[in-house]
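Here's final-v9.csv, which has CSV, C-alpha atoms:
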```csv
chain,number,residue,atom,x,y,z
P,1,MET,CA,-248.5,58.4,70.3
P,2,ILE,CA,-250.0,61.1,72.5
P,3,GLY,CA,-247.8,64.2,72.4
P,4,PHE,CA,-246.6,67.6,71.4
P,5,TRP,CA,-244.2,68.6,68.6
P,6,ASN,CA,-242.3,71.7,67.8
P,7,PRO,CA,-241.6,71.7,64.0
P,8,GLU,CA,-238.3,73.5,64.7
P,9,SER,CA,-237.2,70.2,66.3
P,10,ILE,CA,-238.2,67.9,63.4
P,11,ALA,CA,-235.6,67.1,60.7
P,12,PRO,CA,-237.0,68.1,57.3
P,13,ARG,CA,-237.5,65.5,54.6
P,14,VAL,CA,-236.8,66.4,51.0
P,15,LEU,CA,-239.9,65.8,48.8
P,16,ALA,CA,-238.7,67.5,45.6
P,17,PRO,CA,-236.2,70.1,44.7
P,18,GLY,CA,-236.9,73.1,46.9
P,19,VAL,CA,-239.7,71.2,48.8
P,20,THR,CA,-239.2,69.9,52.3
P,21,ALA,CA,-241.6,68.4,54.8
P,22,LYS,CA,-241.7,68.0,58.6
P,23,ILE,CA,-243.7,64.8,59.4
P,24,VAL,CA,-245.7,63.9,62.5
P,25,PRO,CA,-247.3,60.4,62.3
P,26,GLY,CA,-250.3,59.3,64.1
P,27,GLU,CA,-252.3,56.0,63.9
P,28,LYS,CA,-255.1,57.2,61.5
P,29,LEU,CA,-253.7,60.6,60.6
P,30,MET,CA,-250.3,62.0,59.5
P,31,PHE,CA,-249.3,65.7,59.4
P,32,SER,CA,-246.8,67.0,56.9
P,33,LEU,CA,-245.8,70.7,57.2
P,34,VAL,CA,-244.5,71.5,53.8
P,35,THR,CA,-242.1,74.4,53.0
P,36,LEU,CA,-241.8,75.3,49.3
P,37,GLU,CA,-239.1,77.6,48.1
P,38,PRO,CA,-240.1,80.4,45.7
P,39,ASN,CA,-241.5,78.8,42.5
P,40,ALA,CA,-240.7,75.2,43.7
P,41,VAL,CA,-242.7,72.5,42.0
P,42,VAL,CA,-244.3,69.3,43.3
P,43,PRO,CA,-244.9,67.3,40.1
P,44,THR,CA,-248.2,65.7,39.4
P,45,HIS,CA,-248.6,62.5,41.4
P,46,ALA,CA,-251.3,60.4,43.1
P,47,HIS,CA,-251.5,58.1,46.1
P,48,PRO,CA,-254.4,56.1,47.6
P,49,HIS,CA,-254.4,58.2,50.8
P,50,GLU,CA,-256.9,60.9,51.2
P,51,GLN,CA,-255.2,64.3,51.6
P,52,MET,CA,-256.5,67.6,53.0
P,53,GLY,CA,-254.3,70.6,53.2
P,54,MET,CA,-254.3,74.3,54.3
P,55,MET,CA,-252.2,77.2,53.4
P,56,VAL,CA,-250.3,78.6,56.3
P,57,SER,CA,-248.4,81.4,54.6
P,58,GLY,CA,-247.4,82.5,51.1
P,59,THR,CA,-249.1,81.5,47.9
P,60,MET,CA,-249.2,78.3,45.9
P,61,GLU,CA,-250.8,77.1,42.6
P,62,PHE,CA,-252.6,73.9,43.4
P,63,THR,CA,-253.9,71.6,40.8
P,64,ILE,CA,-256.4,68.7,41.4
P,65,ALA,CA,-257.5,66.6,38.5
P,66,GLY,CA,-256.6,69.3,36.1
P,67,GLU,CA,-258.3,72.2,38.0
P,68,THR,CA,-255.8,74.9,39.2
P,69,ARG,CA,-256.4,77.5,41.9
P,70,VAL,CA,-254.0,80.0,43.3
P,71,LEU,CA,-254.2,79.6,47.1
P,72,SER,CA,-253.3,82.0,49.9
P,73,GLY,CA,-254.4,83.0,53.4
P,74,ASN,CA,-255.7,79.8,55.1
P,75,GLU,CA,-257.4,78.4,52.0
P,76,MET,CA,-257.9,74.6,52.1
P,77,TYR,CA,-258.1,71.7,49.6
P,78,LEU,CA,-259.2,68.1,49.5
P,79,VAL,CA,-257.6,65.4,47.3
P,80,PRO,CA,-259.5,62.1,47.4
P,81,GLY,CA,-257.4,59.0,47.2
P,82,GLY,CA,-256.1,58.2,43.8
P,83,VAL,CA,-256.7,61.6,42.3
P,84,PRO,CA,-253.7,63.3,40.5
P,85,HIS,CA,-252.5,66.6,42.0
P,86,ALA,CA,-249.6,69.0,41.8
P,87,ALA,CA,-248.4,72.2,43.4
P,88,LYS,CA,-246.2,75.2,42.4
P,89,ALA,CA,-245.1,77.8,45.0
P,90,GLY,CA,-245.6,81.5,44.2
P,91,PRO,CA,-242.7,83.9,43.9
P,92,GLY,CA,-242.5,84.3,47.7
P,93,GLY,CA,-242.6,80.6,48.5
P,94,ALA,CA,-245.3,78.8,50.5
P,95,LEU,CA,-245.9,77.0,53.8
P,96,ALA,CA,-248.8,74.5,53.8
P,97,LEU,CA,-250.0,71.8,56.2
P,98,ASP,CA,-251.0,68.5,54.6
P,99,ALA,CA,-252.9,65.8,56.5
P,100,PHE,CA,-253.2,62.3,55.2
P,101,SER,CA,-255.4,59.4,56.1
P,102,PRO,CA,-254.3,56.7,56.4
P,103,PRO,CA,-250.7,57.8,57.2
P,104,ARG,CA,-248.2,57.4,54.3
P,105,GLU,CA,-246.0,54.6,55.4
P,106,GLU,CA,-243.2,55.8,53.1
P,107,TYR,CA,-243.0,59.0,55.2
P,108,ARG,CA,-242.5,57.3,58.5
I,109,MET,CA,-265.6,65.7,47.6
I,110,ILE,CA,-262.6,67.1,45.6
I,111,GLY,CA,-262.3,70.8,46.0
I,112,PHE,CA,-261.1,74.0,47.4
I,113,TRP,CA,-262.4,76.1,50.3
I,114,ASN,CA,-261.9,79.6,51.5
I,115,PRO,CA,-262.5,79.7,55.2
I,116,GLU,CA,-263.9,83.3,54.8
I,117,SER,CA,-266.8,81.6,53.0
I,118,ILE,CA,-267.6,79.0,55.6
I,119,ALA,CA,-270.2,79.8,58.3
I,120,PRO,CA,-268.6,79.4,61.7
I,121,ARG,CA,-270.0,76.8,64.1
I,122,VAL,CA,-270.0,77.7,67.9
I,123,LEU,CA,-268.1,75.0,69.9
I,124,ALA,CA,-268.1,76.8,73.3
I,125,PRO,CA,-268.3,80.4,74.5
I,126,GLY,CA,-265.8,82.4,72.5
I,127,VAL,CA,-264.8,79.3,70.4
I,128,THR,CA,-265.9,78.9,66.8
I,129,ALA,CA,-264.9,76.4,64.1
I,130,LYS,CA,-265.0,76.3,60.3
I,131,ILE,CA,-265.5,72.7,59.2
I,132,VAL,CA,-264.4,71.0,56.0
I,133,PRO,CA,-265.5,67.4,55.8
I,134,GLY,CA,-263.8,64.6,53.8
I,135,GLU,CA,-264.4,60.9,53.7
I,136,LYS,CA,-261.6,59.8,56.0
I,137,LEU,CA,-260.5,63.3,57.3
I,138,MET,CA,-262.2,66.4,58.6
I,139,PHE,CA,-260.6,69.8,59.1
I,140,SER,CA,-261.8,72.2,61.8
I,141,LEU,CA,-260.2,75.7,61.8
I,142,VAL,CA,-260.8,76.9,65.3
I,143,THR,CA,-260.8,80.5,66.4
I,144,LEU,CA,-260.5,81.1,70.2
I,145,GLU,CA,-261.2,84.5,71.6
I,146,PRO,CA,-258.7,85.7,74.3
I,147,ASN,CA,-258.8,83.4,77.3
I,148,ALA,CA,-261.6,81.3,75.8
I,149,VAL,CA,-261.9,77.7,77.1
I,150,VAL,CA,-262.7,74.4,75.5
I,151,PRO,CA,-263.6,72.2,78.6
I,152,THR,CA,-262.1,68.8,79.0
I,153,HIS,CA,-263.8,66.3,76.7
I,154,ALA,CA,-263.0,63.1,74.8
I,155,HIS,CA,-264.2,61.5,71.6
I,156,PRO,CA,-263.3,58.2,69.8
I,157,HIS,CA,-261.8,60.1,66.8
I,158,GLU,CA,-258.1,60.6,66.6
I,159,GLN,CA,-257.2,64.3,66.5
I,160,MET,CA,-254.1,66.1,65.3
I,161,GLY,CA,-253.8,69.9,65.5
I,162,MET,CA,-251.4,72.7,64.7
I,163,MET,CA,-251.3,76.2,66.0
I,164,VAL,CA,-251.7,78.8,63.2
I,165,SER,CA,-251.4,82.0,65.3
I,166,GLY,CA,-251.6,83.2,68.9
I,167,THR,CA,-251.0,81.1,71.9
I,168,MET,CA,-253.0,78.3,73.6
I,169,GLU,CA,-252.6,76.1,76.7
I,170,PHE,CA,-253.4,72.6,75.5
I,171,THR,CA,-253.9,69.7,78.0
I,172,ILE,CA,-253.8,66.1,77.0
I,173,ALA,CA,-254.4,63.4,79.6
I,174,GLY,CA,-253.4,65.9,82.4
I,175,GLU,CA,-250.2,67.2,80.7
I,176,THR,CA,-250.4,70.9,79.8
I,177,ARG,CA,-248.2,72.8,77.3
I,178,VAL,CA,-248.3,76.4,76.2
I,179,LEU,CA,-248.3,76.2,72.4
I,180,SER,CA,-247.4,78.9,69.8
I,181,GLY,CA,-245.8,79.2,66.4
I,182,ASN,CA,-246.8,76.1,64.4
I,183,GLU,CA,-246.5,73.6,67.3
I,184,MET,CA,-248.5,70.5,66.8
I,185,TYR,CA,-250.4,68.0,69.1
I,186,LEU,CA,-251.8,64.5,68.8
I,187,VAL,CA,-254.8,63.3,70.8
I,188,PRO,CA,-255.4,59.5,70.4
I,189,GLY,CA,-259.1,58.5,70.3
I,190,GLY,CA,-260.7,58.4,73.8
I,191,VAL,CA,-258.1,60.5,75.5
I,192,PRO,CA,-259.4,63.5,77.5
I,193,HIS,CA,-258.1,66.9,76.4
I,194,ALA,CA,-258.8,70.6,76.9
I,195,ALA,CA,-257.7,74.0,75.6
I,196,LYS,CA,-257.5,77.6,76.9
I,197,ALA,CA,-256.5,80.5,74.6
I,198,GLY,CA,-253.9,82.9,75.7
I,199,PRO,CA,-254.5,86.7,76.3
I,200,GLY,CA,-254.2,87.4,72.5
I,201,GLY,CA,-256.5,84.5,71.4
I,202,ALA,CA,-255.6,81.7,69.1
I,203,LEU,CA,-256.2,80.1,65.7
I,204,ALA,CA,-255.6,76.4,65.4
I,205,LEU,CA,-256.3,73.8,62.7
I,206,ASP,CA,-257.6,70.5,64.0
I,207,ALA,CA,-257.8,67.4,61.9
I,208,PHE,CA,-260.0,64.4,62.8
I,209,SER,CA,-260.1,60.8,61.6
I,210,PRO,CA,-262.7,59.5,61.1
I,211,PRO,CA,-264.7,62.7,60.5
I,212,ARG,CA,-266.9,63.8,63.4
I,213,GLU,CA,-270.4,63.1,62.2
I,214,GLU,CA,-271.9,65.6,64.7
I,215,TYR,CA,-269.9,68.4,62.9
I,216,ARG,CA,-271.3,67.7,59.4
```

How would this structure read if it were set down as structure tokens?
Amino acid sequence: MIGFWNPESIAPRVLAPGVTAKIVPGEKLMFSLVTLEPNAVVPTHAHPHEQMGMMVSGTMEFTIAGETRVLSGNEMYLVPGGVPHAAKAGPGGALALDAFSPPREEYR
Amino acid sequence: MIGFWNPESIAPRVLAPGVTAKIVPGEKLMFSLVTLEPNAVVPTHAHPHEQMGMMVSGTMEFTIAGETRVLSGNEMYLVPGGVPHAAKAGPGGALALDAFSPPREEYR
């Protein structure tokens, strides 16, 4: 699975209305480069996979277990497995990189 | 370990001359936001942890198992555990996010 990827060559996967992701799977890790249109929402959900993410551009409200922060710059977040979380892009949209471990099989 | 981090509040760790990292550890994942000064070098090395990375800004030559690419934009790379790899920043420096699984205990 060694390799290099240009996200411009990866077909986007629709996660929610106005939310698309470009997925790169590894063995223990998976990357998901998520584009959120202005004000797009990822509804509250949970999964057993640990998730860490980093803002790449724009702004996003991110809620973990009921605590909401407005993220920008290269701010980061950690969602332990099983913990409910949600996101809402700011008025200019957002680009964020999520990493999962283990990889989310439903994204392969 | 649930939480939010602003990298401006994380003390940088020196990885090599001109190369510093801001570390956020999880249970299964670890993030390392790496700043490389212009032309800075990460010598060839290997570790048992799987590594995925993404360019955030700048350009960087990245070599995995002898194959070198010049990365820019939000290009991504995957280094399986145990595989030798190296990096050299371009003339404008580079910012890249690395993710490791399992976390690198020596970075905690």

*asked:* Could you tell me which residues of chain I sit within 7 Å of chain P when counting all atoms listed in the file, and give me the result as a list of chain:residue names?
replied: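 Therefore, the residues near the partner are I:Ile110, I:Gly111, I:Phe112, I:Trp113, I:Asn114, I:Pro115, I:Lys136, I:Leu137, I:Glu158, I:Asn182, I:Glu183, I:Met184, I:Tyr185, I:Leu186, I:Val187, I:Pro188, I:Ser209.
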
*What is the distance, in Å and to one decimal place, between atom CA of P:Ala89 and atom CA of P:Ala21?*
14.0 Å

*For P:Gly93, work out the shell of residues within 7 Å, counting only C-alpha atoms and skipping chain neighbours fewer than 2 positions away, then give it as a PyMOL selection string.*
chain P and resi 36-39+58-59+89-91

Since we have the selection now, will you write its residues out, keeping C-alpha atoms, as a PDB file, in the frame of the given file?
```
ATOM      1  CA  LEU P  36    -241.800  75.300  49.300  1.00  0.00           C
ATOM      2  CA  GLU P  37    -239.100  77.600  48.100  1.00  0.00           C
ATOM      3  CA  PRO P  38    -240.100  80.400  45.700  1.00  0.00           C
ATOM      4  CA  ASN P  39    -241.500  78.800  42.500  1.00  0.00           C
ATOM      5  CA  GLY P  58    -247.400  82.500  51.100  1.00  0.00           C
ATOM      6  CA  THR P  59    -249.100  81.500  47.900  1.00  0.00           C
ATOM      7  CA  ALA P  89    -245.100  77.800  45.000  1.00  0.00           C
ATOM      8  CA  GLY P  90    -245.600  81.500  44.200  1.00  0.00           C
ATOM      9  CA  PRO P  91    -242.700  83.900  43.900  1.00  0.00           C
TER      10      PRO P  91
END
```

*Could you work out how far atom CA of P:Met60 lies from atom CA of I:Val127, giving the answer in Å with one decimal?*
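One can read the atom CA of I:Val127 to atom CA of P:Met60 distance as 29.1 Å.
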
_Shortest interatomic distance to P:Thr35 - which of P:Pro48, P:Gly66, P:Pro103, P:Gly18, counting only C-alpha atoms_ = P:Gly18

*Please measure the separation of atom CA of P:Thr44 and atom CA of P:Ile23, giving the value in Å to one decimal.*
20.5 Å

_For I:Lys196, the nearest of the candidates I:Ala124, I:Glu213, I:Ala119, I:Ala148, counting only C-alpha atoms_ =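 Ranked by minimum distance to I:Lys196, first place goes to I:Ala148.
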
_Counting all atoms listed in the file, the option among I:Val149, I:Pro192, I:Ala154, I:Ser140 closest to I:Asp206_ =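 Between I:Val149, I:Pro192, I:Ala154, I:Ser140, the residue approaching I:Asp206 most closely is I:Ser140.
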
Output stretch 66-77 of chain P with N, CA, C and O atoms present, as a short mmCIF file (atom, residue, chain, number, x, y, z; two decimals), keeping the file's coordinate frame.
```cif
data_model
loop_
_atom_site.label_atom_id
_atom_site.label_comp_id
_atom_site.auth_asym_id
_atom_site.auth_seq_id
_atom_site.Cartn_x
_atom_site.Cartn_y
_atom_site.Cartn_z
N GLY P 66 -256.60 68.39 37.20
CA GLY P 66 -256.60 69.30 36.10
C GLY P 66 -257.16 70.70 36.39
O GLY P 66 -257.06 71.61 35.57
N GLU P 67 -257.75 70.89 37.59
CA GLU P 67 -258.30 72.20 38.00
C GLU P 67 -257.28 72.93 38.86
O GLU P 67 -256.90 72.41 39.91
N THR P 68 -256.85 74.11 38.44
CA THR P 68 -255.80 74.90 39.20
C THR P 68 -256.41 76.07 39.86
O THR P 68 -257.20 76.80 39.27
N ARG P 69 -256.02 76.27 41.11
CA ARG P 69 -256.40 77.50 41.90
C ARG P 69 -255.09 78.07 42.44
O ARG P 69 -254.16 77.33 42.78
N VAL P 70 -255.07 79.39 42.58
CA VAL P 70 -254.00 80.00 43.30
C VAL P 70 -254.48 80.24 44.74
O VAL P 70 -255.48 80.92 44.98
N LEU P 71 -253.79 79.59 45.69
CA LEU P 71 -254.20 79.60 47.10
C LEU P 71 -253.37 80.52 47.93
O LEU P 71 -252.17 80.64 47.72
N SER P 72 -254.01 81.14 48.92
CA SER P 72 -253.30 82.00 49.90
C SER P 72 -254.10 82.02 51.16
O SER P 72 -255.07 81.28 51.31
N GLY P 73 -253.69 82.88 52.10
CA GLY P 73 -254.40 83.00 53.40
C GLY P 73 -254.40 81.61 54.06
O GLY P 73 -253.35 80.97 54.20
N ASN P 74 -255.59 81.17 54.50
CA ASN P 74 -255.70 79.80 55.10
C ASN P 74 -256.65 78.98 54.20
O ASN P 74 -257.44 78.17 54.71
N GLU P 75 -256.54 79.16 52.88
CA GLU P 75 -257.40 78.40 52.00
C GLU P 75 -257.04 76.87 52.11
O GLU P 75 -255.90 76.51 52.43
N MET P 76 -258.04 76.03 51.87
CA MET P 76 -257.90 74.60 52.10
C MET P 76 -258.26 73.83 50.80
O MET P 76 -258.92 74.36 49.92
N TYR P 77 -257.79 72.58 50.75
CA TYR P 77 -258.10 71.70 49.60
C TYR P 77 -258.21 70.29 50.03
O TYR P 77 -257.70 69.89 51.07
#
```
